[in-house]
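*Asks:* Have a look at this one before I ask anything.
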Amino acid sequence: MTRIPSKSEILSWISENPTKTAKRDIAKAFGIKGAARIDLKRLLRELQEEGRLAKRRSSYRDAEELPPVAVLEIVEADADGDLFARPLEWKGTGAEPRILMLLRSSDPALGAGDRILGRLTVDKTESHTHSARMIRRIGTNPQRILGVFRAGSEGGRVMPIDKGSDKQWTIAAGATNGAKDGELVEAEQAGPKGRMGLPKARIIARLGDPTEPRAVSLIAIHQHGIPDHFPDEVVVEADAAKPVALGKRKDLRHLPLITIDPWDARDHDDACYVVADSDPKNKDGFIIWVAIADVAHYVTPGSALDREARKRGNSTYFPDRVVPMLPDRLSGDLCSLHEGVERPCLAVAMRVDAAGNKIDHAFHRGLMKSVASLNYREVQAAVDGDPNDRVAPLMDDIIHPLYAAFAALMRARAARQPLELDLPEREIVLDQGGQVTSVKYKDRLDAHRLIEEFMVLANVAAAETLIAKRSPLLFRVHEEPSPEKLEALREVAQASGLILAKGQVLKTAHLNRLLTSAAETENDELINMATLRSMTQAYYNPENFGHFGLALRAYAHFTSPIRRYADLIVHRALIAAHGWDADGLSDWDKENLRETAKLISDTERRSMAAERDTTDRYLAAFLADRVGAELTGRISGIAKFGVFVRLDETGADGMIPIRTLGREYFDYDPDSQTLMGAETGMIIGLGQRVSVKLTEAAPVTGGLILELLTLEDRTIPRGPSRGRGKPARRKVGSARKKAAKTARKVKRRRR
């Protein structure tokens, strides 16, 4: 029978363990399980009603004791000049604690009435009960506002940029920071409501014209509701974090692990190392080490950091800034695997054979020290024969083994046949003023693919381990295309003279054969785009439905916990499953896993939409001075209201309104994604080459309006016409018949 501790034992334990005061911590300390938790809950409630215990969110503390971090109010200095403070949340029955402030030379001047967040230490003397060091002054982390400044006779107002908001802020005459009427500004809350009930604010940054490129990402952040300001309690927890000692961790500091990232990366959450397998049974095999930052050590279940990270779901990346999931103290410092610095990690050692197949793997909670922080370009240049001074000493023992293992994994990849889409990613280059200087396609180097393959293998290992240990987790799920989307892809393929056979269980290998058939032909981009459009969107789920695109039966995200909450959940699951420590997956995490999956799937989509809108606005700003220019591109989408074109030079997407097309009515067929001229039979379809005139570029919305000049080198008739460009109505049920007819016509025309 489980023994229930006395009230005094509970109070004593809480006093001795001020950082482990959640109900689950207390239950674990006294070995309370099952139904006995009900008795524990009753005792805790009684202590709370008696005023001997204070509950703060999901944790408890002795009401007669102060927490390690508290809000303090400065009272007065004594005759010796020492400054004292009082706790604002004191609920004890005894005398109010008197706190001596230990100020550093870098701390701001404080006076009576100022409020601060302080880190407390019990320090009982004749003059005081505690001492405290200031973390930050309350009010230095105020609410921020983005809007358009409207000048008035006595200052002005900040008007919201969000369509769904009508909240305004009043700006005093001395708080405008020189802002001009119509400027986009960033302001911060400056006090209680002022005249006419409007809250007060002061302008802290003038961002200029709302249509200028440097304002674009701020607009997207606010329009999509992406949290970009950390609450005080989150910053306090992050600031209180300390480096980790070895303790019970596995010592991995002898392994020459390296990080390989983009040249401008600020955080490094994955490192790798490869050594030849000495087991004679695994001839020409490898042991691949992948070490990932141990974010779970710092972001514990139920903490303020945890709640904020879950709310954000992931980091969001813009050309001019990053909105991180975690404060910089963690993301850019303690959790980042910087060169030459000891860092906690979760590492997996994976044995693979010469064909790249994983034989087995083992996870460890360790302490590592990266020997080098490299970037993709310098690593690739070194492998291609031009090593710099940083990479040259690492070639024989580190770089060459990495690439040898990568070659083996590529053999396994070829056998597995994941989906091989070829859709280059755009990169927007900004100058220091936020202006777009160029738009180009990102390099796709073997160094990128090497890290990707290592991370995929580690993610698979995480999923397999947690399945074997029957642990709850979040899977990364990608389901196969719907029958409707697959049929639409098949029709596009047929229109291009290609085949995607029916009557078979769809595999990625079938789609790869289609992509290979289209490669290096005029239909290459068309088939890649159509295949991408047929795919479902990946999401997170506590149930495993496989990953179609990667051709994997089970997949989970493990390798990026600094920027993805899903990976943090997987880390906690691994910690709990291995019994490494008490900071693993909590009961609350398990009970709310499905809700968490939905939440972070939504935040991922939110970030993608914000990033896409920002890219569109930057591109529109970049092209604004080229209105009237003739450009080339390919048709990337067909809708009832117009045609979308992806421009060759920048990859920007513009729209040709249907009202400007030709001199006839057009019949829209959603199945084959075409428009057909009612009089001439002219077909406008996906992937066709076009030349267009840029008639409008709107940086505020990111919209580009185009005029069609030529289609597949044929000039389009222009000029006024009765009902010009208006799509004709189709008969219900004619889609399939019309699609087949359209496909035949497209094929004949292209011949």
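All residue names refer to the structure tokens as shown: chains lettered A, B, ... in order, residues numbered from 1 in each chain, ligands numbered from 1 in order.
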Got a sec: who's within 7 Å of region 219-229 of chain A, counting only C-alpha atoms, leaving out chain neighbours fewer than 6 positions off, as a ChimeraX atom specification?
*Replies:* /A:162,312,323,606,610,613-614
*Asks:* Output the selection as an mmCIF file, in the first residue's frame - N, CA and C atoms for each residue.
*Replies:*
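Resulting contents of selection.cif:
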```
data_model
loop_
_atom_site.group_PDB
_atom_site.id
_atom_site.type_symbol
_atom_site.label_atom_id
_atom_site.label_comp_id
_atom_site.auth_asym_id
_atom_site.auth_seq_id
_atom_site.Cartn_x
_atom_site.Cartn_y
_atom_site.Cartn_z
ATOM 1 N N ASP A 162 -3.851 45.933 -39.268
ATOM 2 C CA ASP A 162 -4.652 44.727 -39.430
ATOM 3 C C ASP A 162 -6.064 45.098 -39.840
ATOM 4 N N ARG A 312 3.882 29.366 -30.011
ATOM 5 C CA ARG A 312 4.525 29.762 -31.274
ATOM 6 C C ARG A 312 4.630 28.591 -32.248
ATOM 7 N N VAL A 323 11.716 35.329 -36.421
ATOM 8 C CA VAL A 323 10.903 35.352 -35.204
ATOM 9 C C VAL A 323 11.093 33.984 -34.558
ATOM 10 N N ARG A 606 0.622 28.852 -40.614
ATOM 11 C CA ARG A 606 0.617 30.304 -40.418
ATOM 12 C C ARG A 606 1.965 30.908 -40.810
ATOM 13 N N ALA A 610 2.815 33.554 -43.862
ATOM 14 C CA ALA A 610 3.480 34.829 -43.602
ATOM 15 C C ALA A 610 4.765 34.948 -44.415
ATOM 16 N N ASP A 613 3.732 35.493 -48.092
ATOM 17 C CA ASP A 613 3.253 36.861 -48.322
ATOM 18 C C ASP A 613 4.406 37.856 -48.311
ATOM 19 N N THR A 614 5.350 37.646 -47.403
ATOM 20 C CA THR A 614 6.499 38.541 -47.320
ATOM 21 C C THR A 614 7.346 38.460 -48.581
#
```
*Asks:* Taking the DSSP secondary structure from the backbone, can you list the residues of region 179-268 of chain A that are helix (DSSP H, G or I), as a list in words?
*Replies:*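 DSSP-assigned helix (DSSP H, G or I) residues in region 179-268 of chain A: Arg195, Met196, Gly197, Pro213, Arg214, Ala215, Val216, Ser217, Leu218, Ile219, Ala220, Ile221, His222, Gln223, Asp232, Glu233, Val234, Val235, Val236, Glu237, Ala238, Asp239 and Ala240 of chain A.
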*Asks:* So that I have them on file, write out the residues from the current selection with N, CA, C and O atoms, as an mmCIF file, in the first residue's frame.
*Replies:*
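Contents of the output file part.cif:
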```
data_model
loop_
_atom_site.group_PDB
_atom_site.id
_atom_site.type_symbol
_atom_site.label_atom_id
_atom_site.label_comp_id
_atom_site.auth_asym_id
_atom_site.auth_seq_id
_atom_site.Cartn_x
_atom_site.Cartn_y
_atom_site.Cartn_z
ATOM 1 N N ARG A 195 -6.900 60.429 -23.194
ATOM 2 C CA ARG A 195 -8.152 61.073 -23.585
ATOM 3 C C ARG A 195 -8.974 60.163 -24.478
ATOM 4 O O ARG A 195 -8.457 59.391 -25.258
ATOM 5 N N MET A 196 -10.284 60.251 -24.323
ATOM 6 C CA MET A 196 -11.237 59.481 -25.125
ATOM 7 C C MET A 196 -11.036 57.985 -24.959
ATOM 8 O O MET A 196 -11.402 57.191 -25.827
ATOM 9 N N GLY A 197 -10.420 57.602 -23.826
ATOM 10 C CA GLY A 197 -10.314 56.177 -23.523
ATOM 11 C C GLY A 197 -9.280 55.425 -24.314
ATOM 12 O O GLY A 197 -9.224 54.201 -24.241
ATOM 13 N N PRO A 213 10.336 47.992 -48.609
ATOM 14 C CA PRO A 213 10.629 46.583 -48.327
ATOM 15 C C PRO A 213 10.906 46.262 -46.872
ATOM 16 O O PRO A 213 10.501 45.218 -46.377
ATOM 17 N N ARG A 214 11.597 47.147 -46.140
ATOM 18 C CA ARG A 214 11.982 46.787 -44.780
ATOM 19 C C ARG A 214 10.791 46.712 -43.833
ATOM 20 O O ARG A 214 10.907 46.186 -42.728
ATOM 21 N N ALA A 215 9.624 47.260 -44.246
ATOM 22 C CA ALA A 215 8.425 47.182 -43.411
ATOM 23 C C ALA A 215 7.622 45.921 -43.690
ATOM 24 O O ALA A 215 6.708 45.586 -42.940
ATOM 25 N N VAL A 216 7.973 45.208 -44.735
ATOM 26 C CA VAL A 216 7.149 44.108 -45.215
ATOM 27 C C VAL A 216 6.999 42.983 -44.197
ATOM 28 O O VAL A 216 5.898 42.508 -43.925
ATOM 29 N N SER A 217 8.104 42.537 -43.607
ATOM 30 C CA SER A 217 8.011 41.403 -42.690
ATOM 31 C C SER A 217 7.255 41.772 -41.421
ATOM 32 O O SER A 217 6.525 40.947 -40.859
ATOM 33 N N LEU A 218 7.388 43.023 -40.960
ATOM 34 C CA LEU A 218 6.640 43.464 -39.785
ATOM 35 C C LEU A 218 5.138 43.420 -40.054
ATOM 36 O O LEU A 218 4.346 43.042 -39.190
ATOM 37 N N ILE A 219 4.746 43.811 -41.246
ATOM 38 C CA ILE A 219 3.330 43.755 -41.608
ATOM 39 C C ILE A 219 2.842 42.316 -41.589
ATOM 40 O O ILE A 219 1.774 42.001 -41.047
ATOM 41 N N ALA A 220 3.627 41.395 -42.152
ATOM 42 C CA ALA A 220 3.229 39.981 -42.177
ATOM 43 C C ALA A 220 3.126 39.407 -40.770
ATOM 44 O O ALA A 220 2.208 38.634 -40.466
ATOM 45 N N ILE A 221 4.059 39.783 -39.909
ATOM 46 C CA ILE A 221 4.042 39.295 -38.528
ATOM 47 C C ILE A 221 2.739 39.669 -37.843
ATOM 48 O O ILE A 221 2.083 38.844 -37.200
ATOM 49 N N HIS A 222 2.331 40.916 -38.005
ATOM 50 C CA HIS A 222 1.118 41.381 -37.342
ATOM 51 C C HIS A 222 -0.138 40.879 -38.035
ATOM 52 O O HIS A 222 -1.116 40.520 -37.374
ATOM 53 N N GLN A 223 -0.137 40.827 -39.350
ATOM 54 C CA GLN A 223 -1.326 40.368 -40.065
ATOM 55 C C GLN A 223 -1.632 38.906 -39.787
ATOM 56 O O GLN A 223 -2.789 38.513 -39.709
ATOM 57 N N ASP A 232 7.545 38.801 -20.062
ATOM 58 C CA ASP A 232 8.592 38.955 -19.046
ATOM 59 C C ASP A 232 8.959 37.630 -18.395
ATOM 60 O O ASP A 232 10.139 37.325 -18.198
ATOM 61 N N GLU A 233 7.939 36.834 -18.027
ATOM 62 C CA GLU A 233 8.227 35.604 -17.296
ATOM 63 C C GLU A 233 9.023 34.621 -18.154
ATOM 64 O O GLU A 233 9.823 33.833 -17.632
ATOM 65 N N VAL A 234 8.840 34.684 -19.468
ATOM 66 C CA VAL A 234 9.604 33.817 -20.377
ATOM 67 C C VAL A 234 11.062 34.265 -20.420
ATOM 68 O O VAL A 234 11.994 33.448 -20.347
ATOM 69 N N VAL A 235 11.262 35.571 -20.531
ATOM 70 C CA VAL A 235 12.624 36.118 -20.572
ATOM 71 C C VAL A 235 13.350 35.835 -19.261
ATOM 72 O O VAL A 235 14.543 35.506 -19.248
ATOM 73 N N VAL A 236 12.627 35.948 -18.147
ATOM 74 C CA VAL A 236 13.227 35.676 -16.843
ATOM 75 C C VAL A 236 13.730 34.238 -16.769
ATOM 76 O O VAL A 236 14.855 33.975 -16.319
ATOM 77 N N GLU A 237 12.897 33.290 -17.201
ATOM 78 C CA GLU A 237 13.311 31.884 -17.171
ATOM 79 C C GLU A 237 14.521 31.650 -18.067
ATOM 80 O O GLU A 237 15.447 30.917 -17.694
ATOM 81 N N ALA A 238 14.504 32.256 -19.247
ATOM 82 C CA ALA A 238 15.637 32.073 -20.164
ATOM 83 C C ALA A 238 16.914 32.678 -19.581
ATOM 84 O O ALA A 238 17.983 32.067 -19.650
ATOM 85 N N ASP A 239 16.788 33.864 -18.993
ATOM 86 C CA ASP A 239 17.965 34.523 -18.424
ATOM 87 C C ASP A 239 18.536 33.749 -17.240
ATOM 88 O O ASP A 239 19.732 33.841 -16.941
ATOM 89 N N ALA A 240 17.670 32.993 -16.563
ATOM 90 C CA ALA A 240 18.117 32.243 -15.390
ATOM 91 C C ALA A 240 18.817 30.936 -15.756
ATOM 92 O O ALA A 240 19.421 30.289 -14.899
#
```
*Asks:* What's around region 544-560 of chain A at 8 Å? Count only C-alpha atoms, leave out sequence neighbours fewer than 2 positions away in its own chain, and write the answer as a JSON list (two decimals) with C-alpha atoms, in the first residue's frame.
*Replies:*
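Below is the file that was written, around17.json:
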```
[["chain", "number", "residue", "atom", "x", "y", "z"],
["A", 269, "ASP", "CA", 21.07, 22.59, -33.39],
["A", 270, "ASP", "CA", 22.64, 19.58, -35.14],
["A", 292, "ILE", "CA", 21.05, 17.44, -31.41],
["A", 416, "ARG", "CA", 13.75, 3.45, -51.41],
["A", 417, "GLN", "CA", 12.66, 5.95, -54.10],
["A", 418, "PRO", "CA", 11.37, 8.97, -52.15],
["A", 419, "LEU", "CA", 9.67, 11.62, -54.26],
["A", 455, "MET", "CA", 18.81, 14.13, -40.38],
["A", 458, "ALA", "CA", 18.08, 10.24, -37.26],
["A", 459, "ASN", "CA", 14.39, 11.14, -37.47],
["A", 460, "VAL", "CA", 13.57, 7.59, -38.53],
["A", 462, "ALA", "CA", 13.69, 8.40, -33.19],
["A", 463, "ALA", "CA", 10.33, 7.22, -34.51],
["A", 464, "GLU", "CA", 11.38, 3.55, -34.48],
["A", 474, "LEU", "CA", 4.11, 13.13, -32.57],
["A", 475, "PHE", "CA", 4.59, 11.61, -36.01],
["A", 476, "ARG", "CA", 5.28, 13.67, -39.10],
["A", 477, "VAL", "CA", 2.55, 12.44, -41.43],
["A", 478, "HIS", "CA", 2.33, 12.85, -45.19],
["A", 479, "GLU", "CA", -0.56, 11.00, -46.80],
["A", 480, "GLU", "CA", -0.78, 9.97, -50.43],
["A", 507, "LYS", "CA", 4.10, 4.57, -54.96],
["A", 508, "THR", "CA", 6.57, 7.41, -55.14],
["A", 541, "ASN", "CA", -0.40, 13.49, -35.56],
["A", 542, "PRO", "CA", -0.07, 11.19, -32.53],
["A", 562, "ILE", "CA", 15.41, 24.96, -31.28],
["A", 563, "ARG", "CA", 12.96, 25.93, -34.00],
["A", 564, "ARG", "CA", 10.18, 23.27, -33.89],
["A", 566, "ALA", "CA", 7.29, 18.91, -32.43],
["A", 567, "ASP", "CA", 10.97, 18.00, -32.06],
["A", 568, "LEU", "CA", 10.91, 19.09, -28.41],
["A", 570, "VAL", "CA", 9.96, 13.88, -29.41],
["A", 571, "HIS", "CA", 12.99, 14.72, -27.25]]
```
*Asks:* Restricting the calculation to only C-alpha atoms: of A:Ala173, A:Leu334, A:Ala447, A:Val290, which residue gets closest to Gly152 (chain A)?
*Replies:*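 Answer, going by the shortest atom-to-atom distance: A:Ala173.
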*Asks:* Compile a residue-level contact table for region 249-279 of chain A against region 341-347 of chain A at a cut-off of 12 Å, reporting for every qualifying residue the shortest atom pair and its distance in Å to one decimal, with only C-alpha atoms counted, rows ordered by chain and ascending number, as CSV.
*Replies:*
```
residue,atom,partner,partner_atom,distance
A:Arg249,CA,A:Pro344,CA,8.4
A:Lys250,CA,A:Ala347,CA,9.5
A:Asp251,CA,A:Pro344,CA,9.8
A:Leu252,CA,A:Ala347,CA,8.9
A:Arg253,CA,A:Glu342,CA,7.6
A:His254,CA,A:Glu342,CA,11.1
A:Leu255,CA,A:Ala347,CA,11.3
A:Leu257,CA,A:Ala347,CA,10.7
A:Ile258,CA,A:Val341,CA,11.7
A:His268,CA,A:Arg343,CA,11.0
A:Asp269,CA,A:Cys345,CA,9.0
A:Asp270,CA,A:Cys345,CA,9.1
A:Ala271,CA,A:Ala347,CA,9.1
A:Cys272,CA,A:Ala347,CA,9.2
A:Tyr273,CA,A:Ala347,CA,10.8
```
*Asks:* Please write the residues from the selection above to a file, keeping all heavy atoms, as a tab-separated table (two decimals), in the first residue's frame.
*Replies:*
```tsv
chain	number	residue	atom	x	y	z
A	249	ARG	N	25.29	12.41	-17.63
A	249	ARG	CA	25.28	12.34	-19.09
A	249	ARG	C	26.45	11.52	-19.62
A	249	ARG	O	27.49	11.40	-18.96
A	249	ARG	CB	25.35	13.75	-19.69
A	249	ARG	CG	24.12	14.60	-19.42
A	249	ARG	CD	24.31	16.04	-19.89
A	249	ARG	NE	23.08	16.80	-19.67
A	249	ARG	CZ	22.09	16.87	-20.54
A	249	ARG	NH1	22.20	16.27	-21.71
A	249	ARG	NH2	21.01	17.56	-20.27
A	250	LYS	N	26.28	11.01	-20.84
A	250	LYS	CA	27.38	10.31	-21.51
A	250	LYS	C	28.36	11.34	-22.04
A	250	LYS	O	27.97	12.32	-22.68
A	250	LYS	CB	26.83	9.46	-22.66
A	250	LYS	CG	27.89	8.58	-23.32
A	250	LYS	CD	27.27	7.71	-24.39
A	250	LYS	CE	28.31	6.79	-25.03
A	250	LYS	NZ	28.85	5.80	-24.09
A	251	ASP	N	29.63	11.14	-21.78
A	251	ASP	CA	30.66	12.08	-22.20
A	251	ASP	C	30.99	11.85	-23.68
A	251	ASP	O	31.61	10.84	-24.05
A	251	ASP	CB	31.91	11.92	-21.34
A	251	ASP	CG	32.89	13.08	-21.53
A	251	ASP	OD1	32.71	13.86	-22.49
A	251	ASP	OD2	33.80	13.21	-20.70
A	252	LEU	N	30.58	12.79	-24.52
A	252	LEU	CA	30.83	12.70	-25.96
A	252	LEU	C	31.82	13.77	-26.42
A	252	LEU	O	31.97	14.01	-27.62
A	252	LEU	CB	29.50	12.86	-26.73
A	252	LEU	CG	28.39	11.88	-26.39
A	252	LEU	CD1	27.12	12.23	-27.16
A	252	LEU	CD2	28.82	10.45	-26.71
A	253	ARG	N	32.49	14.40	-25.47
A	253	ARG	CA	33.38	15.50	-25.83
A	253	ARG	C	34.60	15.06	-26.62
A	253	ARG	O	35.25	15.89	-27.26
A	253	ARG	CB	33.81	16.23	-24.55
A	253	ARG	CG	32.67	17.01	-23.89
A	253	ARG	CD	33.06	17.58	-22.53
A	253	ARG	NE	33.28	16.52	-21.54
A	253	ARG	CZ	33.59	16.75	-20.27
A	253	ARG	NH1	33.71	18.00	-19.84
A	253	ARG	NH2	33.77	15.75	-19.43
A	254	HIS	N	34.89	13.77	-26.60
A	254	HIS	CA	36.03	13.27	-27.38
A	254	HIS	C	35.69	13.10	-28.86
A	254	HIS	O	36.60	12.96	-29.69
A	254	HIS	CB	36.48	11.92	-26.81
A	254	HIS	CG	35.44	10.84	-26.94
A	254	HIS	ND1	34.32	10.80	-26.13
A	254	HIS	CD2	35.35	9.77	-27.78
A	254	HIS	CE1	33.59	9.74	-26.47
A	254	HIS	NE2	34.19	9.12	-27.47
A	255	LEU	N	34.39	13.08	-29.20
A	255	LEU	CA	34.00	12.91	-30.60
A	255	LEU	C	34.18	14.23	-31.36
A	255	LEU	O	33.67	15.26	-30.93
A	255	LEU	CB	32.53	12.47	-30.70
A	255	LEU	CG	32.17	11.09	-30.17
A	255	LEU	CD1	30.67	10.85	-30.33
A	255	LEU	CD2	32.96	9.99	-30.89
A	257	LEU	N	32.72	16.09	-33.40
A	257	LEU	CA	31.47	16.47	-34.06
A	257	LEU	C	31.60	17.87	-34.66
A	257	LEU	O	32.23	18.76	-34.09
A	257	LEU	CB	30.33	16.46	-33.04
A	257	LEU	CG	29.90	15.07	-32.54
A	257	LEU	CD1	29.31	15.17	-31.14
A	257	LEU	CD2	28.90	14.45	-33.50
A	258	ILE	N	30.99	18.07	-35.83
A	258	ILE	CA	31.00	19.38	-36.47
A	258	ILE	C	29.57	19.77	-36.85
A	258	ILE	O	28.70	18.92	-37.02
A	258	ILE	CB	31.89	19.43	-37.73
A	258	ILE	CG1	31.31	18.52	-38.83
A	258	ILE	CG2	33.32	19.05	-37.40
A	258	ILE	CD1	31.98	18.71	-40.19
A	268	HIS	N	22.80	26.66	-34.09
A	268	HIS	CA	23.30	25.39	-34.63
A	268	HIS	C	22.74	24.27	-33.75
A	268	HIS	O	23.21	24.04	-32.64
A	268	HIS	CB	24.83	25.36	-34.59
A	268	HIS	CG	25.48	26.58	-35.17
A	268	HIS	ND1	25.74	26.73	-36.52
A	268	HIS	CD2	25.91	27.73	-34.59
A	268	HIS	CE1	26.31	27.91	-36.73
A	268	HIS	NE2	26.42	28.53	-35.58
A	269	ASP	N	21.69	23.59	-34.25
A	269	ASP	CA	21.07	22.59	-33.39
A	269	ASP	C	21.42	21.15	-33.77
A	269	ASP	O	20.97	20.22	-33.12
A	269	ASP	CB	19.55	22.76	-33.31
A	269	ASP	CG	18.88	22.84	-34.68
A	269	ASP	OD1	19.54	22.53	-35.68
A	269	ASP	OD2	17.70	23.21	-34.72
A	270	ASP	N	22.25	20.95	-34.80
A	270	ASP	CA	22.64	19.58	-35.14
A	270	ASP	C	24.12	19.50	-35.50
A	270	ASP	O	24.67	20.40	-36.14
A	270	ASP	CB	21.78	19.04	-36.30
A	270	ASP	CG	21.89	19.91	-37.55
A	270	ASP	OD1	22.83	19.72	-38.32
A	270	ASP	OD2	21.01	20.77	-37.75
A	271	ALA	N	24.75	18.43	-35.07
A	271	ALA	CA	26.16	18.17	-35.37
A	271	ALA	C	26.31	16.72	-35.77
A	271	ALA	O	25.46	15.87	-35.42
A	271	ALA	CB	27.04	18.47	-34.15
A	272	CYS	N	27.35	16.40	-36.52
A	272	CYS	CA	27.50	15.04	-36.99
A	272	CYS	C	28.98	14.63	-37.06
A	272	CYS	O	29.89	15.47	-37.09
A	272	CYS	CB	26.85	14.87	-38.36
A	272	CYS	SG	27.38	16.06	-39.59
A	273	TYR	N	29.18	13.33	-37.10
A	273	TYR	CA	30.52	12.75	-37.18
A	273	TYR	C	30.35	11.32	-37.68
A	273	TYR	O	29.38	10.63	-37.34
A	273	TYR	CB	31.20	12.76	-35.81
A	273	TYR	CG	32.47	11.93	-35.73
A	273	TYR	CD1	33.59	12.26	-36.47
A	273	TYR	CD2	32.53	10.81	-34.89
A	273	TYR	CE1	34.75	11.49	-36.40
A	273	TYR	CE2	33.68	10.05	-34.79
A	273	TYR	CZ	34.80	10.39	-35.56
A	273	TYR	OH	35.93	9.63	-35.48
```
*Asks:* State, in Å with one decimal place, the distance from CA of Arg24 (chain A) to CA of Lys248 (chain A).
*Replies:* 22.0 Å
*Asks:* List as number ranges by chain the protein and nucleic acid residues near Gln143 (chain A), meaning an atom at most 12 Å away when only C-alpha atoms are counted, but skip any in the same chain fewer than 4 places from it.
*Replies:* A: 138-139, 169, 186-191, 199-204, 227-232
*Asks:* Could you write those residues out with C-alpha atoms, as a compact mmCIF listing (two decimals), in the first residue's frame?
*Replies:*
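The resulting file, result.txt, is shown below:
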```
# COMPACT_ATOMS: atom_id res chain seq x y z
CA ILE A 138 9.28 46.04 -14.90
CA GLY A 139 8.19 48.08 -17.90
CA TRP A 169 -3.25 54.36 -29.61
CA GLU A 186 6.64 50.76 -34.10
CA ALA A 187 5.41 51.99 -30.73
CA GLU A 188 5.35 50.68 -27.20
CA GLN A 189 2.78 51.09 -24.48
CA ALA A 190 3.55 54.15 -22.36
CA GLY A 191 0.86 54.18 -19.68
CA PRO A 199 -4.29 53.77 -24.44
CA LYS A 200 -1.08 55.76 -24.53
CA ALA A 201 2.02 54.79 -26.50
CA ARG A 202 5.31 56.29 -27.57
CA ILE A 203 6.96 55.77 -30.92
CA ILE A 204 10.26 53.92 -30.63
CA PRO A 227 3.91 36.31 -31.56
CA ASP A 228 7.13 38.31 -31.84
CA HIS A 229 7.60 39.57 -28.30
CA PHE A 230 8.46 37.35 -25.35
CA PRO A 231 6.54 37.93 -22.08
CA ASP A 232 8.59 38.95 -19.05
```
*Asks:* Suppose you want the space between CA of Ala538 (chain A) and CA of Pro481 (chain A); what is it in Å?
*Replies:*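 The value is 11.2 Å.
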*Asks:* Could you pull the residues within 10 Å of Ala355 (chain A), counting only C-alpha atoms, minus those fewer than 4 positions along the same chain, as a ChimeraX atom specification?
*Replies:* /A:284-285,405,407-413,415
*Asks:* Point out the residue among A:Ala577, A:Ala241, A:Ala609, A:Leu402 with the least atom-to-atom distance to Phe454 (chain A), counting only C-alpha atoms.
*Replies:* A:Leu402
*Asks:* Quick one: DSSP strand (DSSP E) residues in region 388-473 of chain A, as a PyMOL selection string?
*Replies:* chain A and resi 426-430+436-441
*Asks:* Write out as a ChimeraX atom specification which residues come within 10 Å of region 531-533 of chain A when counting only C-alpha atoms, dropping same-chain ones fewer than 5 positions away.
*Replies:* /A:419,421-423,481,485-486,488-490,492-493,511-512,514-515,525-526,637
*Asks:* For the selection just defined, write its residues with C-alpha atoms to a file, as a PDB file, in the first residue's frame.
*Replies:*
```
ATOM      1  CA  LEU A 419       9.665  11.623 -54.260  1.00  0.00           C
ATOM      2  CA  LEU A 421      10.733  16.862 -57.070  1.00  0.00           C
ATOM      3  CA  ASP A 422      12.994  19.451 -58.683  1.00  0.00           C
ATOM      4  CA  LEU A 423      11.658  22.850 -57.651  1.00  0.00           C
ATOM      5  CA  PRO A 481      -2.665  12.127 -52.979  1.00  0.00           C
ATOM      6  CA  LYS A 485      -5.857  15.103 -57.429  1.00  0.00           C
ATOM      7  CA  LEU A 486      -4.162  12.027 -58.836  1.00  0.00           C
ATOM      8  CA  ALA A 488      -5.918  15.670 -62.423  1.00  0.00           C
ATOM      9  CA  LEU A 489      -2.168  14.937 -62.497  1.00  0.00           C
ATOM     10  CA  ARG A 490      -2.756  12.019 -64.840  1.00  0.00           C
ATOM     11  CA  VAL A 492      -1.860  16.892 -67.222  1.00  0.00           C
ATOM     12  CA  ALA A 493       0.632  14.110 -67.955  1.00  0.00           C
ATOM     13  CA  LEU A 511       5.709   9.507 -59.765  1.00  0.00           C
ATOM     14  CA  ASN A 512       9.502   9.527 -60.080  1.00  0.00           C
ATOM     15  CA  LEU A 514       6.877  10.422 -64.593  1.00  0.00           C
ATOM     16  CA  LEU A 515       9.274  13.144 -63.412  1.00  0.00           C
ATOM     17  CA  GLU A 525       8.650  22.407 -64.889  1.00  0.00           C
ATOM     18  CA  LEU A 526       4.992  21.733 -65.715  1.00  0.00           C
ATOM     19  CA  GLY A 637      -1.906  28.084 -62.359  1.00  0.00           C
TER      20      GLY A 637
END
```
